[in-house]
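Below: one structure, written as structure tokens.
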Amino acid sequence: MLHFPDRVIFRKAAASVLTFVRRRLKIVGCCLLFLILWLFCLPRPLFDKSVSVVVEDRNGELLGARIATDGQWRFPQSDTIPEKYTACVVAFEDKRFWWHPGVDPLSLMRSLWLNIQEKRVVSGGSTLTMQVIRLMRDNPPRTVWQKMVEIFMATRLELTYSKQEILQLYASNAPFGGNVVGLEAASWRYFGKRPALLTWAESATLAVLPNSPGLIHPGRNRKTLLEKRNRLLEKLRDAGQLTAFECDLSKEEPLPEEPLPLPQLAPHLLDRLTVDGGRLTVDGRLQTEGASSDAIPQPSSTVHRPPSTFNRFRTTLDIDLQRRVIGILNRRQQIYKGNGVHNMAAVVLDVSTGDVLAYVGNVSEAGKEHGESVDIIAAPRSTGSILKPYLYALALESGDILPKSLLHDVPTQLGRYRPENFHESYDGMVPARRALIRSLNVPFVLLLQQYGLEKFHFNLQRLGLTTLDRPPEHYGLSLILGGAEANLLDITNVYACMARTLGHFYDRDGRYSADDFRSPRFLNSHSFNPQSPIPNPQVLSAGAIWQTFEAMQEVERPNTEGEWEFFSASRPIAWKTGTSIGFRDAWAAGVTPRYAVGIWVGNADGEGRPGLIGVEMAAPVLFEIFEQLPGGERWFDPPYDDMAQAAVCRQSGFRASEYCEADTVWIPESGLKAVVCPYHHLLHLDAGGQWQVSSDCESPASMQHRAWFVLPPVEEFYFKSKNPSYVSPPPFRADCLASQTAQYSAPMQLIYPKHPTRVYVPVDLDGKLSSTVFQAAHRAPDTEVFWHLDGVYLGSTKTFHQMALQPAVGKHQLTLVDKDGYRLEQSFEIIGK
């Protein structure tokens with residue numbers, strides 16, 4: 001048991017121990033707290049300032065940039081720093097940068113001694129690492145406390161980042177005068193080049209500038225800036241980093257003058273990527289908001305990243321080609337603006353990859369008053385005839401036609417819709433291939449009616465037209481003639497996808513790929529993973545595409561005399577033009593095995609101009625751009641594995657019937673299900689071959705039986721004027737007229753109105769209804785035809801069977817009777833106001 005004095009001594013000893021422990025715990029706690037503060041003193045991210053949106057070509061050349069939201073030209077941080085600039089900035093700012101731990105004690109002591117001598121702050125002794133901390137903290141006041149904070153955070157920065165990364169942080173955020181921040185922005189603003197191309201003099205200028213950014217202003221302190229630059233060059237010479245000769249040459253280089261404008265070679269693509277950058281797919285394509293749910297699934301998924309990360313875009317564009325296309329469009333625009341046509345757009349795609357090689361959304365010379373900022377490539381415009389090859393290919397694929405199947409080309413009234421050919425002339429019947437070559441309107445409207453409006457609308461969406469956001473009934477049959485709107489990128493991309501399908505057919509051993517029809521690719525920083533081949537096409541087969549491209553190679557245009565002539569090019573090109581109603585949009589699209597090119601010409605505000613025709617204004621631009629592209633590629637090989645040989649009627653182009661003279665030709669495999677020729681019939685003639693007869697009026701033993709190419713009367717009326725070799729079938733003998741029951745033997749047909757029709761008749765200035773011209777065709781034009789309206793005889797016609805009438809408002813019955821008693825009746829209704 002302890003005695004009282006011992007107890008006191010024990011308590012004092014225990015208290016001393018506790019006091020010692022408490023003090024040590026406080027010290028340890030303070031140290032731990034200091035360590036925690038040190039470990040977590042750096043914000044994440046270090047720099048949270050808005051940066052410029054930068055667009056580069058496939059090789060990293062600058063195409064354009066948009067200023068940051070805070071009004072600064074601050075480019076996104078670069079992954080590399082040029083060696084010349086690195087040598088200059090380290091020699092000028094922090095010569096022991098590569099060895100110190102973020103703080104240079106020797107530099108601090110030297111700065112302290114200089115400041116004491118000068119009795120003012122003349123040197124801060126900051127390392128590049130400390131300057132990064134200062135830039136990160138928005139340049140706080142220069143005090144001893146702030147210097148201690150910079151030292152504290154700089155050591156932590158050195159632990160987290162490599163020396164090269166710290167140098168990148170400094171170069172990307174240092175001020176270079178005015179609203180220029182960062183080395184890359186300064187290099188473009190002051191020298192018009194990327195940092196990797198800077199000379200020693202230019203690198204030295206930019207190395208000394210952040211120390212005194214105000215020196216860059218023209219006319220102010222230029223001598224001081226020059227002296228600082230030259231001293232740095234001499235320092236580099238003395239250190240052996242450049243020779244005396246290089247130093248002398250560099251000192252002769254002038255300082256930059258006023259800041260240069262940044263390149264603006266793809267302003268519309270810059271805008272597009274800025275808006276749509278958050279919806280890029282993993283392979284560098286843009287998801288389109290208007291894409292139909294029926295479209296072919298794209299083999300890519302969306303990258304879900306915040307919009308702030310989309311600041312630097314390495315695109316697929318080729319800057320040299322982009323410049324050449326811009327030059328072509330600017331030169332053409334100077335010619336076209338004399339006719340009041342101010343806007344143009346062009347896009348060039350690589351067929352194999354889908355890469356966008358050139359993207360000129362508008363002509364910069366158009367001016368703000370003419371909408372130069374409108375991106376025509378992405379703007380929906382009336383398509384004109386540019387969709388006709390799609391319908392031709394789809395009809396071949398479905399077996400509705402063969403390449404030379406005859407299509408109807410006669411005056412046509414479909415309800416209130418009356419399509420007309422561009423030159424308001426008709427061929428009666430025309431081969432489908434020729435109808436495409438000559439871009440005839442009526443045959444394609446009737447072909448669309450045969451193919452099916454809903455099916456065509458559905459397949460256009462599957463091909464990749466993203467702007468068809470209305471139901472088929474909204475567009476009607478005018479869909480094929482510009483009743484719908486599409487954008488230039490979609491139009492061109494569909495042709496590129498068709499060429500890709502055909503070009504890769506034999507590469508895949510006669511198979512297809514689900515990703516042949518896909519969106520174009522804008523970004524070069526993404527890889528594309530092709531899908532496994534599939535045995536059957538999703539939309540179009542190689543055979544249908546090849547036949548379509550073969551026809552598109554022979555596109556013709558009307559010359560000044562209105563006759564058709566071949567439009568030749570220096571290389572094989574499948575191409576098509578289009579002109580919208582009212583001469584508002586002129587289109588041209590062309591494709592080769594390597595490239596697809598699309599052209600639009602017009603006015604951004606939709607103003608139509610006389611002569612604004614695709615073949616006259618857009619086609620010459622198309623061929624001029626193709627001249628800028630590398631040539632020498634082979635044309636597409638015929639996909640024989642996807643085609644079949646078949647007997648085809650020599651005159652009608654349909655599959656040959658037993659009455660046809662046939663040729664054996666290659667047709668798409670799907671064409672084997674096409675109908676046989678409906679125009680060859682077996683006629684029964686009398687012994688002399690002058691009259692048609694039947695068993696009711698002639699003994700079968702006395703008949704001749706001949707296969708005859710017979711067209712309906714209206715088609716025959718127009719067909720004979722273009723085809724003198726056509727021979728009409730002999731008329732029926734007088735005693736055999738009762739046998740004229742078949743449609744092919746009917747001698748007379750109405751041209752207008754061909755069907756029960758409601759006719760709107762405008763009122764003339766005198767208040768009376770205008771005249772309506774009724775027209776008929778007879779196999780024997782010289783036959784006299786007698787006209788009756790509502791049972792009242794009106795008169796007769798010969799040769800040209802037409803009559804201008806003024807029926808009253810209401811329903812009427814038109815009756816025509818020829819001299820042989822053949823009767824034709826048609827009801828119609830006149831609509832007034």
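Residue numbering restarts at 1 for every chain of the structure tokens, chains are lettered A, B, ... in their displayed order, and ligands are numbered from 1 as they appear.
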Legend entry - Polymer residues at most 9 Å from Leu225 (chain A), only C-alpha atoms, same-chain spacing of 6 or more positions, as a list in words: Thr205, Val208, Leu209, Ser212, Leu215, Ile216 and Leu255 of chain A
Inset, instruction - Compare A:Glu56, A:Asp409, A:Asp818, A:Asp686 by their minimum atom-to-atom distance to Tyr426 (chain A), counting only C-alpha atoms, and give me the closest one. - result: A:Asp409
Legend entry - Counting only C-alpha atoms, the option among A:Gln775, A:Thr19, A:Ser532, A:Thr799 closest to Gln749 (chain A): A:Gln775
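CA of Asn339 (chain A) is positioned 7.9 Å from CA of Pro610 (chain A).
Between Val601 (chain A) and the candidates A:Gly464, A:Pro267, A:Gly578, A:Pro807, the tightest atom-to-atom separation, counting only C-alpha atoms, involves A:Gly578.
From CA of Lys404 (chain A) back to CA of Pro389 (chain A), the distance works out to 14.3 Å.
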Legend entry - Nearby residues (only C-alpha atoms) at most 12 Å from Phe717 (chain A), same-chain spacing under 6 positions excluded, as an NGL selection string: :A and (409-411 or 426-429 or 710-711 or 723-724 or 726-728 or 747-751 or 775-781 or 799-801)
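Take the candidates A:His788, A:Arg438, A:Arg416, A:Arg655 and check each one against Ala674 (chain A) using only C-alpha atoms; the shortest distance goes to A:Arg655.
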Legend entry - Residue among A:Asn230, A:Ser203, A:Ser382, A:Gln77 lying closest to Thr579 (chain A), counting only C-alpha atoms: A:Ser382
Please give the complete set of residues from region 405-528 of chain A that DSSP, run on the backbone, assigns to strand (DSSP E), formatted as a PDB file with all heavy atoms, in the first residue's frame.
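Written out: part22.pdb:
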ATOM      1  N   LEU A 406     -41.957  -1.447-120.653  1.00  0.00           N
ATOM      2  CA  LEU A 406     -42.611  -0.221-121.099  1.00  0.00           C
ATOM      3  C   LEU A 406     -43.478   0.357-119.983  1.00  0.00           C
ATOM      4  O   LEU A 406     -44.236  -0.355-119.327  1.00  0.00           O
ATOM      5  CB  LEU A 406     -43.473  -0.501-122.328  1.00  0.00           C
ATOM      6  CG  LEU A 406     -42.727  -0.806-123.628  1.00  0.00           C
ATOM      7  CD1 LEU A 406     -43.718  -1.065-124.755  1.00  0.00           C
ATOM      8  CD2 LEU A 406     -41.785   0.342-124.006  1.00  0.00           C
ATOM      9  N   LEU A 407     -43.346   1.669-119.782  1.00  0.00           N
ATOM     10  CA  LEU A 407     -44.182   2.402-118.839  1.00  0.00           C
ATOM     11  C   LEU A 407     -45.070   3.361-119.619  1.00  0.00           C
ATOM     12  O   LEU A 407     -44.690   3.878-120.666  1.00  0.00           O
ATOM     13  CB  LEU A 407     -43.314   3.194-117.851  1.00  0.00           C
ATOM     14  CG  LEU A 407     -42.340   2.385-116.987  1.00  0.00           C
ATOM     15  CD1 LEU A 407     -41.555   3.330-116.079  1.00  0.00           C
ATOM     16  CD2 LEU A 407     -43.062   1.337-116.165  1.00  0.00           C
ATOM     17  N   HIS A 408     -46.253   3.629-119.095  1.00  0.00           N
ATOM     18  CA  HIS A 408     -47.192   4.535-119.744  1.00  0.00           C
ATOM     19  C   HIS A 408     -46.677   5.970-119.651  1.00  0.00           C
ATOM     20  O   HIS A 408     -46.250   6.423-118.594  1.00  0.00           O
ATOM     21  CB  HIS A 408     -48.570   4.434-119.091  1.00  0.00           C
ATOM     22  CG  HIS A 408     -49.199   3.086-119.227  1.00  0.00           C
ATOM     23  ND1 HIS A 408     -49.953   2.713-120.315  1.00  0.00           N
ATOM     24  CD2 HIS A 408     -49.152   1.990-118.418  1.00  0.00           C
ATOM     25  CE1 HIS A 408     -50.364   1.465-120.168  1.00  0.00           C
ATOM     26  NE2 HIS A 408     -49.887   1.003-119.022  1.00  0.00           N
ATOM     27  N   ASP A 409     -46.744   6.674-120.757  1.00  0.00           N
ATOM     28  CA  ASP A 409     -46.354   8.093-120.792  1.00  0.00           C
ATOM     29  C   ASP A 409     -47.371   8.845-121.642  1.00  0.00           C
ATOM     30  O   ASP A 409     -47.137   9.139-122.819  1.00  0.00           O
ATOM     31  CB  ASP A 409     -44.943   8.241-121.364  1.00  0.00           C
ATOM     32  CG  ASP A 409     -44.453   9.680-121.331  1.00  0.00           C
ATOM     33  OD1 ASP A 409     -44.970  10.455-120.493  1.00  0.00           O
ATOM     34  OD2 ASP A 409     -43.574  10.030-122.134  1.00  0.00           O
ATOM     35  N   GLY A 428     -46.075   8.160-125.192  1.00  0.00           N
ATOM     36  CA  GLY A 428     -47.045   7.074-125.251  1.00  0.00           C
ATOM     37  C   GLY A 428     -46.622   5.920-124.368  1.00  0.00           C
ATOM     38  O   GLY A 428     -47.247   5.628-123.355  1.00  0.00           O
ATOM     39  N   MET A 429     -45.560   5.237-124.747  1.00  0.00           N
ATOM     40  CA  MET A 429     -44.934   4.185-123.947  1.00  0.00           C
ATOM     41  C   MET A 429     -43.428   4.401-124.015  1.00  0.00           C
ATOM     42  O   MET A 429     -42.891   4.756-125.067  1.00  0.00           O
ATOM     43  CB  MET A 429     -45.290   2.794-124.475  1.00  0.00           C
ATOM     44  CG  MET A 429     -46.776   2.461-124.487  1.00  0.00           C
ATOM     45  SD  MET A 429     -47.508   2.335-122.837  1.00  0.00           S
ATOM     46  CE  MET A 429     -46.904   0.732-122.324  1.00  0.00           C
ATOM     47  N   VAL A 430     -42.762   4.180-122.881  1.00  0.00           N
ATOM     48  CA  VAL A 430     -41.324   4.409-122.841  1.00  0.00           C
ATOM     49  C   VAL A 430     -40.696   3.346-121.954  1.00  0.00           C
ATOM     50  O   VAL A 430     -41.253   2.991-120.905  1.00  0.00           O
ATOM     51  CB  VAL A 430     -41.010   5.833-122.306  1.00  0.00           C
ATOM     52  CG1 VAL A 430     -41.542   6.028-120.906  1.00  0.00           C
ATOM     53  CG2 VAL A 430     -39.526   6.123-122.368  1.00  0.00           C
ATOM     54  N   PRO A 431     -39.549   2.764-122.344  1.00  0.00           N
ATOM     55  CA  PRO A 431     -38.878   1.789-121.472  1.00  0.00           C
ATOM     56  C   PRO A 431     -38.526   2.426-120.128  1.00  0.00           C
ATOM     57  O   PRO A 431     -38.154   3.601-120.059  1.00  0.00           O
ATOM     58  CB  PRO A 431     -37.620   1.410-122.262  1.00  0.00           C
ATOM     59  CG  PRO A 431     -37.962   1.727-123.679  1.00  0.00           C
ATOM     60  CD  PRO A 431     -38.869   2.909-123.639  1.00  0.00           C
ATOM     61  N   GLU A 485     -39.903  16.347 -98.593  1.00  0.00           N
ATOM     62  CA  GLU A 485     -38.644  17.057 -98.397  1.00  0.00           C
ATOM     63  C   GLU A 485     -37.591  16.086 -97.866  1.00  0.00           C
ATOM     64  O   GLU A 485     -37.899  15.189 -97.082  1.00  0.00           O
ATOM     65  CB  GLU A 485     -38.811  18.221 -97.420  1.00  0.00           C
ATOM     66  CG  GLU A 485     -39.698  19.336 -97.956  1.00  0.00           C
ATOM     67  CD  GLU A 485     -39.807  20.497 -96.983  1.00  0.00           C
ATOM     68  OE1 GLU A 485     -39.681  20.249 -95.768  1.00  0.00           O
ATOM     69  OE2 GLU A 485     -40.017  21.632 -97.425  1.00  0.00           O
ATOM     70  N   ALA A 486     -36.374  16.276 -98.301  1.00  0.00           N
ATOM     71  CA  ALA A 486     -35.240  15.492 -97.809  1.00  0.00           C
ATOM     72  C   ALA A 486     -34.038  16.416 -97.725  1.00  0.00           C
ATOM     73  O   ALA A 486     -34.038  17.518 -98.288  1.00  0.00           O
ATOM     74  CB  ALA A 486     -34.950  14.309 -98.735  1.00  0.00           C
ATOM     75  N   TYR A 512     -24.467 -10.157 -98.144  1.00  0.00           N
ATOM     76  CA  TYR A 512     -24.729  -8.763 -97.801  1.00  0.00           C
ATOM     77  C   TYR A 512     -24.349  -8.513 -96.345  1.00  0.00           C
ATOM     78  O   TYR A 512     -24.032  -9.445 -95.597  1.00  0.00           O
ATOM     79  CB  TYR A 512     -26.201  -8.425 -98.023  1.00  0.00           C
ATOM     80  CG  TYR A 512     -26.648  -8.584 -99.458  1.00  0.00           C
ATOM     81  CD1 TYR A 512     -27.137  -9.809 -99.933  1.00  0.00           C
ATOM     82  CD2 TYR A 512     -26.562  -7.521-100.348  1.00  0.00           C
ATOM     83  CE1 TYR A 512     -27.531  -9.961-101.254  1.00  0.00           C
ATOM     84  CE2 TYR A 512     -26.959  -7.669-101.674  1.00  0.00           C
ATOM     85  CZ  TYR A 512     -27.434  -8.885-102.113  1.00  0.00           C
ATOM     86  OH  TYR A 512     -27.823  -9.024-103.421  1.00  0.00           O
ATOM     87  N   SER A 513     -24.393  -7.267 -95.958  1.00  0.00           N
ATOM     88  CA  SER A 513     -24.131  -6.888 -94.569  1.00  0.00           C
ATOM     89  C   SER A 513     -25.280  -6.029 -94.065  1.00  0.00           C
ATOM     90  O   SER A 513     -25.798  -5.186 -94.800  1.00  0.00           O
ATOM     91  CB  SER A 513     -22.814  -6.117 -94.458  1.00  0.00           C
ATOM     92  OG  SER A 513     -22.627  -5.651 -93.134  1.00  0.00           O
TER      93      SER A 513
END
Inset, instruction - List every residue of region 327-534 of chain A that DSSP, applied to the backbone of this structure, places in helix (DSSP H, G or I), and write the result as number ranges by chain. - result: A: 327-339, 364-366, 368-370, 376-378, 388-398, 432-437, 441-451, 453-463, 472-481, 488-503
